[in-house]
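Below: query_6.cif (mmCIF, C-alpha atoms)
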```
data_structure
loop_
_atom_site.label_atom_id
_atom_site.label_comp_id
_atom_site.auth_asym_id
_atom_site.auth_seq_id
_atom_site.Cartn_x
_atom_site.Cartn_y
_atom_site.Cartn_z
CA MET Y 941 -9.51 -101.44 63.70
CA SER Y 942 -11.91 -98.54 63.23
CA VAL Y 943 -14.23 -98.23 60.22
CA ALA Y 944 -16.72 -95.78 58.71
CA PHE Y 945 -18.78 -95.45 55.53
CA SER Y 946 -18.58 -92.33 53.37
CA PRO Y 947 -21.79 -90.23 53.26
CA ASP Y 948 -22.63 -91.58 49.79
CA GLY Y 949 -21.82 -95.17 50.78
CA THR Y 950 -19.25 -95.70 48.00
CA HIS Y 951 -16.17 -95.78 50.21
CA ILE Y 952 -15.01 -97.13 53.56
CA VAL Y 953 -12.21 -95.65 55.63
CA SER Y 954 -10.35 -97.76 58.17
CA GLY Y 955 -7.81 -97.11 60.88
CA SER Y 956 -5.50 -99.90 62.01
CA ILE Y 957 -3.52 -101.00 65.04
CA GLU Y 958 -0.37 -100.43 62.96
CA GLY Y 959 -1.27 -96.74 62.47
CA ASP Y 960 -2.59 -96.93 58.91
CA VAL Y 961 -5.49 -94.87 57.60
CA SER Y 962 -6.81 -96.56 54.45
CA MET Y 963 -9.50 -95.75 51.89
CA TRP Y 964 -11.38 -98.61 50.21
CA GLY Y 965 -14.05 -98.98 47.57
CA SER Y 966 -17.07 -100.32 49.45
CA SER Y 967 -18.32 -102.48 46.56
CA THR Y 968 -14.95 -103.62 45.18
CA GLY Y 969 -12.73 -103.80 48.26
CA GLU Y 970 -10.03 -101.99 46.26
CA LEU Y 971 -7.43 -100.12 48.33
CA LEU Y 972 -7.42 -96.56 46.96
CA TRP Y 973 -4.86 -94.93 49.22
CA LEU Y 974 -2.92 -95.47 52.42
CA THR Y 975 -1.46 -92.99 54.89
CA GLY Y 976 -1.20 -92.88 58.65
CA HIS Y 977 -0.03 -92.05 62.15
CA ILE Y 978 3.01 -93.32 64.02
CA GLU Y 979 0.84 -95.28 66.49
CA CYS Y 980 -2.50 -97.12 66.42
CA VAL Y 981 -5.51 -95.37 64.88
CA ASN Y 982 -8.41 -95.71 67.31
CA SER Y 983 -11.12 -93.82 65.44
CA VAL Y 984 -11.95 -92.54 61.94
CA ALA Y 985 -14.86 -90.55 60.50
CA PHE Y 986 -15.90 -88.84 57.28
CA SER Y 987 -16.96 -85.20 57.11
CA PRO Y 988 -20.64 -84.73 56.19
CA ASP Y 989 -19.71 -83.66 52.65
CA GLY Y 990 -17.35 -86.62 52.25
CA LYS Y 991 -14.37 -84.42 51.32
CA HIS Y 992 -12.35 -85.01 54.48
CA ILE Y 993 -11.54 -87.75 56.97
CA VAL Y 994 -10.56 -87.29 60.59
CA SER Y 995 -8.51 -89.82 62.53
CA GLY Y 996 -7.58 -90.08 66.20
CA SER Y 997 -4.47 -91.94 67.29
CA GLY Y 998 -2.56 -93.36 70.21
CA ASP Y 999 0.19 -90.88 69.31
CA ASP Y 1000 -1.98 -88.17 71.00
CA THR Y 1001 -2.77 -86.46 67.68
CA ILE Y 1002 -5.77 -85.91 65.42
CA CYS Y 1003 -5.27 -85.62 61.67
CA VAL Y 1004 -7.60 -84.36 58.96
CA TRP Y 1005 -7.04 -85.85 55.50
CA ASN Y 1006 -8.24 -85.08 51.98
CA SER Y 1007 -10.49 -88.04 51.21
CA SER Y 1008 -9.65 -88.04 47.49
CA THR Y 1009 -5.87 -87.98 47.75
CA GLY Y 1010 -4.99 -88.96 51.31
CA ALA Y 1011 -3.02 -85.75 51.76
CA GLU Y 1012 -2.84 -84.38 55.31
CA VAL Y 1013 -4.79 -81.13 55.63
CA LEU Y 1014 -4.56 -80.41 59.36
CA GLN Y 1015 -2.98 -81.85 62.48
CA LEU Y 1016 -4.72 -81.04 65.76
CA ILE Y 1017 -2.41 -80.96 68.78
CA GLY Y 1018 -3.50 -80.58 72.39
CA HIS Y 1019 -4.39 -83.91 73.95
CA THR Y 1020 -1.78 -85.23 76.37
CA SER Y 1021 -2.63 -88.91 75.91
CA GLY Y 1022 -4.01 -91.17 73.19
CA VAL Y 1023 -7.09 -90.05 71.25
CA SER Y 1024 -9.82 -92.69 71.55
CA SER Y 1025 -12.65 -91.21 69.48
CA VAL Y 1026 -13.30 -88.49 66.89
CA ALA Y 1027 -16.37 -87.19 65.05
CA PHE Y 1028 -17.38 -84.30 62.78
CA SER Y 1029 -20.25 -81.98 63.65
CA PRO Y 1030 -23.27 -82.35 61.32
CA ASP Y 1031 -22.42 -79.07 59.56
CA GLY Y 1032 -18.78 -80.10 59.14
CA THR Y 1033 -17.35 -77.01 60.87
CA HIS Y 1034 -16.10 -78.71 64.05
CA ILE Y 1035 -14.50 -81.93 65.26
CA VAL Y 1036 -15.01 -83.44 68.70
CA SER Y 1037 -12.42 -85.73 70.24
CA GLY Y 1038 -12.22 -87.89 73.36
CA SER Y 1039 -8.95 -88.96 74.94
CA ARG Y 1040 -7.27 -91.07 77.58
CA ASP Y 1041 -6.31 -87.75 79.20
CA ASN Y 1042 -9.98 -87.72 80.47
CA THR Y 1043 -10.90 -84.67 78.37
CA ILE Y 1044 -13.15 -83.93 75.41
CA ARG Y 1045 -12.07 -81.22 73.02
CA VAL Y 1046 -13.84 -79.36 70.23
CA TRP Y 1047 -11.80 -78.06 67.29
CA ASP Y 1048 -12.38 -75.58 64.46
CA CYS Y 1049 -12.05 -77.53 61.19
CA SER Y 1050 -10.90 -74.55 59.15
CA THR Y 1051 -8.08 -73.42 61.46
CA GLY Y 1052 -7.33 -76.45 63.66
CA ALA Y 1053 -7.77 -74.27 66.74
CA GLU Y 1054 -9.13 -75.78 69.95
CA VAL Y 1055 -12.35 -73.94 70.79
CA LEU Y 1056 -13.60 -75.90 73.82
CA GLN Y 1057 -12.25 -78.30 76.42
CA LEU Y 1058 -14.84 -80.32 78.33
CA THR Y 1059 -13.81 -81.74 81.68
CA GLY Y 1060 -15.70 -83.84 84.20
CA HIS Y 1061 -14.90 -87.45 83.45
CA THR Y 1062 -12.49 -89.05 85.90
CA SER Y 1063 -11.05 -91.67 83.55
CA ASP Y 1064 -10.44 -92.32 79.85
CA VAL Y 1065 -13.02 -90.88 77.45
CA CYS Y 1066 -13.64 -93.84 75.13
CA SER Y 1067 -16.29 -92.52 72.76
CA VAL Y 1068 -17.79 -89.20 71.62
CA ALA Y 1069 -20.50 -88.14 69.15
CA PHE Y 1070 -22.47 -85.06 68.10
CA SER Y 1071 -26.26 -85.03 68.18
CA PRO Y 1072 -27.88 -84.91 64.71
CA ASP Y 1073 -28.64 -81.18 65.10
CA GLY Y 1074 -25.13 -80.45 66.39
CA THR Y 1075 -26.27 -78.80 69.62
CA HIS Y 1076 -25.11 -81.58 71.96
CA ILE Y 1077 -22.18 -83.92 72.44
CA VAL Y 1078 -22.38 -87.31 74.16
CA SER Y 1079 -19.38 -88.98 75.77
CA GLY Y 1080 -18.78 -92.40 77.30
CA SER Y 1081 -15.96 -93.11 79.73
CA GLU Y 1082 -14.05 -95.76 81.61
CA ASP Y 1083 -15.44 -94.05 84.75
CA LYS Y 1084 -18.73 -95.92 83.98
CA THR Y 1085 -20.66 -92.75 83.14
CA ILE Y 1086 -22.14 -91.04 80.09
CA CYS Y 1087 -22.26 -87.24 79.83
CA VAL Y 1088 -24.29 -84.99 77.55
CA TRP Y 1089 -22.81 -81.55 76.91
CA ASP Y 1090 -23.88 -78.29 75.27
CA SER Y 1091 -21.63 -78.20 72.19
CA SER Y 1092 -21.45 -74.39 72.05
CA THR Y 1093 -20.65 -73.68 75.71
CA GLY Y 1094 -19.21 -76.94 77.03
CA THR Y 1095 -21.74 -77.03 79.86
CA GLU Y 1096 -22.56 -80.50 81.20
CA LEU Y 1097 -26.31 -81.02 80.80
CA LEU Y 1098 -26.78 -84.66 81.83
CA HIS Y 1099 -24.72 -87.18 83.78
CA LEU Y 1100 -25.98 -90.72 83.16
CA THR Y 1101 -25.14 -93.41 85.68
CA GLY Y 1102 -26.20 -97.01 85.87
CA HIS Y 1103 -23.49 -98.90 84.04
CA THR Y 1104 -21.25 -100.93 86.33
CA SER Y 1105 -18.21 -100.90 84.06
CA GLY Y 1106 -16.49 -98.74 81.47
CA VAL Y 1107 -18.58 -97.31 78.62
CA TYR Y 1108 -16.74 -98.16 75.39
CA SER Y 1109 -19.14 -96.76 72.79
CA VAL Y 1110 -21.95 -94.20 72.55
CA ALA Y 1111 -24.12 -92.90 69.69
CA PHE Y 1112 -27.19 -90.72 69.12
CA SER Y 1113 -30.24 -92.03 67.29
CA PRO Y 1114 -30.89 -90.31 63.93
CA ASP Y 1115 -33.74 -88.25 65.44
CA GLY Y 1116 -31.60 -87.28 68.43
CA LYS Y 1117 -34.14 -88.57 70.96
CA HIS Y 1118 -32.10 -91.52 72.20
CA ILE Y 1119 -28.54 -92.49 73.06
CA VAL Y 1120 -27.20 -96.04 72.84
CA SER Y 1121 -24.25 -97.17 74.94
CA GLY Y 1122 -22.16 -100.33 75.08
CA THR Y 1123 -20.00 -101.45 77.99
CA CYS Y 1124 -17.48 -104.05 79.08
CA ASN Y 1125 -20.05 -105.73 81.35
CA ASN Y 1126 -21.91 -107.18 78.32
CA THR Y 1127 -24.80 -104.71 78.33
CA ILE Y 1128 -26.24 -102.28 75.80
CA CYS Y 1129 -28.47 -99.51 77.14
CA VAL Y 1130 -30.74 -97.04 75.38
CA TRP Y 1131 -31.36 -93.72 77.11
CA ASP Y 1132 -33.75 -90.78 76.68
CA SER Y 1133 -31.40 -88.01 75.53
CA SER Y 1134 -33.51 -85.20 77.03
CA THR Y 1135 -34.04 -86.65 80.52
CA GLY Y 1136 -31.24 -89.20 80.93
CA ALA Y 1137 -33.73 -91.93 81.84
CA GLU Y 1138 -32.88 -95.49 80.84
CA VAL Y 1139 -35.42 -96.66 78.25
CA LEU Y 1140 -34.19 -100.14 77.40
CA GLN Y 1141 -31.45 -102.60 78.21
CA LEU Y 1142 -30.43 -105.19 75.62
CA THR Y 1143 -29.09 -108.27 77.38
CA GLY Y 1144 -28.37 -111.87 76.62
CA HIS Y 1145 -24.85 -111.54 75.30
CA THR Y 1146 -21.90 -112.78 77.33
CA SER Y 1147 -19.06 -110.62 76.03
CA ASP Y 1148 -17.79 -107.03 76.24
CA VAL Y 1149 -19.53 -104.57 73.90
CA CYS Y 1150 -16.86 -102.74 71.89
CA SER Y 1151 -18.97 -100.69 69.45
CA VAL Y 1152 -22.61 -99.68 68.93
CA ALA Y 1153 -24.45 -97.75 66.21
CA PHE Y 1154 -28.01 -96.93 65.19
CA SER Y 1155 -29.27 -97.66 61.68
CA PRO Y 1156 -30.25 -94.63 59.55
CA ASP Y 1157 -33.95 -95.23 60.28
CA GLY Y 1158 -33.26 -95.49 64.02
CA THR Y 1159 -34.81 -98.92 64.61
CA PRO Y 1160 -32.05 -101.54 64.34
CA ILE Y 1161 -28.94 -101.18 66.47
CA VAL Y 1162 -25.73 -102.97 65.56
CA SER Y 1163 -23.13 -104.00 68.12
CA GLY Y 1164 -19.64 -105.48 67.91
CA PHE Y 1165 -18.31 -107.75 70.64
CA LEU Y 1166 -15.05 -108.92 72.17
CA ASP Y 1167 -16.06 -112.53 71.37
CA ASN Y 1168 -15.61 -111.86 67.59
CA THR Y 1169 -19.35 -111.57 66.83
CA ILE Y 1170 -21.81 -108.90 65.68
CA CYS Y 1171 -25.44 -108.60 66.70
CA VAL Y 1172 -28.29 -106.61 65.16
CA TRP Y 1173 -31.14 -105.69 67.51
CA ASP Y 1174 -34.63 -104.32 67.00
CA PHE Y 1175 -34.72 -101.31 69.31
CA SER Y 1176 -38.53 -101.13 69.28
CA THR Y 1177 -39.09 -104.74 70.40
CA ASP Y 1178 -35.87 -105.57 72.31
CA THR Y 1179 -35.28 -108.50 69.93
CA GLU Y 1180 -32.04 -109.86 68.50
CA LEU Y 1181 -32.51 -109.95 64.71
CA GLN Y 1182 -29.13 -111.22 63.51
CA HIS Y 1183 -26.03 -112.86 64.94
CA LEU Y 1184 -23.13 -112.46 62.52
CA THR Y 1185 -19.99 -114.58 62.74
CA GLY Y 1186 -16.83 -114.68 60.65
CA HIS Y 1187 -14.23 -112.56 62.41
CA THR Y 1188 -11.55 -114.41 64.36
CA SER Y 1189 -10.85 -111.67 66.90
CA CYS Y 1190 -12.60 -108.80 68.68
CA VAL Y 1191 -14.99 -106.71 66.56
CA SER Y 1192 -13.84 -103.25 67.57
CA SER Y 1193 -15.93 -101.08 65.23
CA VAL Y 1194 -19.29 -101.33 63.44
CA ALA Y 1195 -21.39 -98.96 61.32
CA PHE Y 1196 -24.38 -98.99 59.00
CA SER Y 1197 -24.16 -97.74 55.42
CA PRO Y 1198 -26.04 -94.47 54.81
CA ASP Y 1199 -28.96 -96.35 53.17
CA GLY Y 1200 -29.04 -98.96 55.95
CA THR Y 1201 -28.63 -101.93 53.59
CA HIS Y 1202 -25.13 -102.89 54.73
CA ILE Y 1203 -23.03 -103.08 57.87
CA VAL Y 1204 -19.26 -102.64 57.96
CA SER Y 1205 -17.16 -104.16 60.73
CA GLY Y 1206 -13.52 -103.82 61.67
CA SER Y 1207 -11.70 -106.35 63.81
CA TRP Y 1208 -8.46 -106.99 65.63
CA ASP Y 1209 -7.99 -109.86 63.15
CA ASN Y 1210 -6.96 -107.09 60.68
CA THR Y 1211 -9.95 -107.64 58.40
CA ILE Y 1212 -12.89 -105.49 57.37
CA CYS Y 1213 -16.18 -107.20 56.51
CA VAL Y 1214 -19.26 -105.82 54.76
CA TRP Y 1215 -22.53 -107.58 55.57
CA ASP Y 1216 -26.06 -107.54 54.16
CA SER Y 1217 -28.09 -106.01 56.98
CA SER Y 1218 -31.29 -107.75 55.92
CA THR Y 1219 -29.97 -111.31 56.01
#
```

Rendering of file as structure tokens:
Amino acid sequence: MSVAFSPDGTHIVSGSIEGDVSMWGSSTGELLWLTGHIECVNSVAFSPDGKHIVSGSGDDTICVWNSSTGAEVLQLIGHTSGVSSVAFSPDGTHIVSGSRDNTIRVWDCSTGAEVLQLTGHTSDVCSVAFSPDGTHIVSGSEDKTICVWDSSTGTELLHLTGHTSGVYSVAFSPDGKHIVSGTCNNTICVWDSSTGAEVLQLTGHTSDVCSVAFSPDGTPIVSGFLDNTICVWDFSTDTELQHLTGHTSCVSSVAFSPDGTHIVSGSWDNTICVWDSST
């Protein structure tokens, strides 16, 4: 289950193991529309203006949907294996995708054309994200590495090593100065995005890290774990602030609301939960 808040915080989109892409009211929980792929949906994201949703699926395809109606707008074809992760550029003109075919691809949102293919990882690309200014892309892979790329040329700028197992999730901080990564060896690392130096390692958990995200103000980090739990960390003090329980299976996706007051989580138990981030 993959989840994301809309830019205005009023809606949540989810992607399911069954292939569904669903739109929900974030305050009511009302299902507004339902569409989907023919295989599991591994990743979903809103465009910056909230008008479109992108989804990546195990059927090797990427779809762009009208967020108001659920109508399919574009289908992006090119990956030769399942699509693990998708994200819009900050200006909404491009989509980046990571796949089990070991590649990262950048697409033109208006035409659906592939404009870049980034190669270098030697195993599944599990997670991708644009930097806040759109000039860089970060990727995490089963090959235990994180790469930072120039989003306009596809040039690899940094190759971060240090994790001892697959990197399942990566994200930029809101100011673009840091990258957070989560792995299947129970660790969360924070890196300097300009030098690749490890800044901090959040430890103490005993389960695989499936998803990580920064809060809008860049201080708390939220993480979802294979052991069904969610943790909120203070990045500045290396302190665990909250330990959230309630899911009955792996928490595969987490995200903060745009105002930072709520956290949404998606789980293999087929539920979506919204949490108060302050309590």

field: Evaluate the PyMOL selection byres ((chain Y and resi 1031) around 10) and report residues as a ChimeraX atom specification
entry: /Y:987-989,1028-1030,1032-1034,1072-1074

message: Can you tell me which residues surround Y:Leu1184 at a distance of at most 10 Å, considering only C-alpha atoms, apart from same-chain residues fewer than 6 positions away, and format the answer as a list in words?
response: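 Close residues of Y:Leu1184: Gly1164, Asn1168, Thr1169, Ile1170, Cys1171, Val1172, Trp1215, Ser1217 and Thr1219 of chain Y.
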
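Among the candidate residues Y:Thr1095, Y:Ser1134, Y:Thr975, Y:Thr968, the one lying nearest to Y:Lys1117 is Y:Ser1134, with distances computed using only C-alpha atoms.
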
task: Name the residues that the PyMOL selection byres ((chain Y and resi 1094) around 12) picks from the file above, as a PyMOL selection string, using the file's chain letters and numbers.
output: chain Y and resi 1036+1043-1046+1055-1060+1075-1078+1087-1093+1095-1098

Pick from Y:Gln1182, Y:Thr1143, Y:Ser1163, Y:Thr950 nearest to Y:Val1110, counting all atoms listed in the file: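 Looking at the shortest contact to Y:Val1110, the residue is Y:Ser1163.
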
message: When the PyMOL selection byres ((chain Y and resi 1135-1140) around 12) is applied to the structure above, which residues does it catch, written out as a PyMOL selection string?
response: chain Y and resi 1078+1085-1088+1097-1103+1117-1121+1127-1134+1141-1143+1173-1179
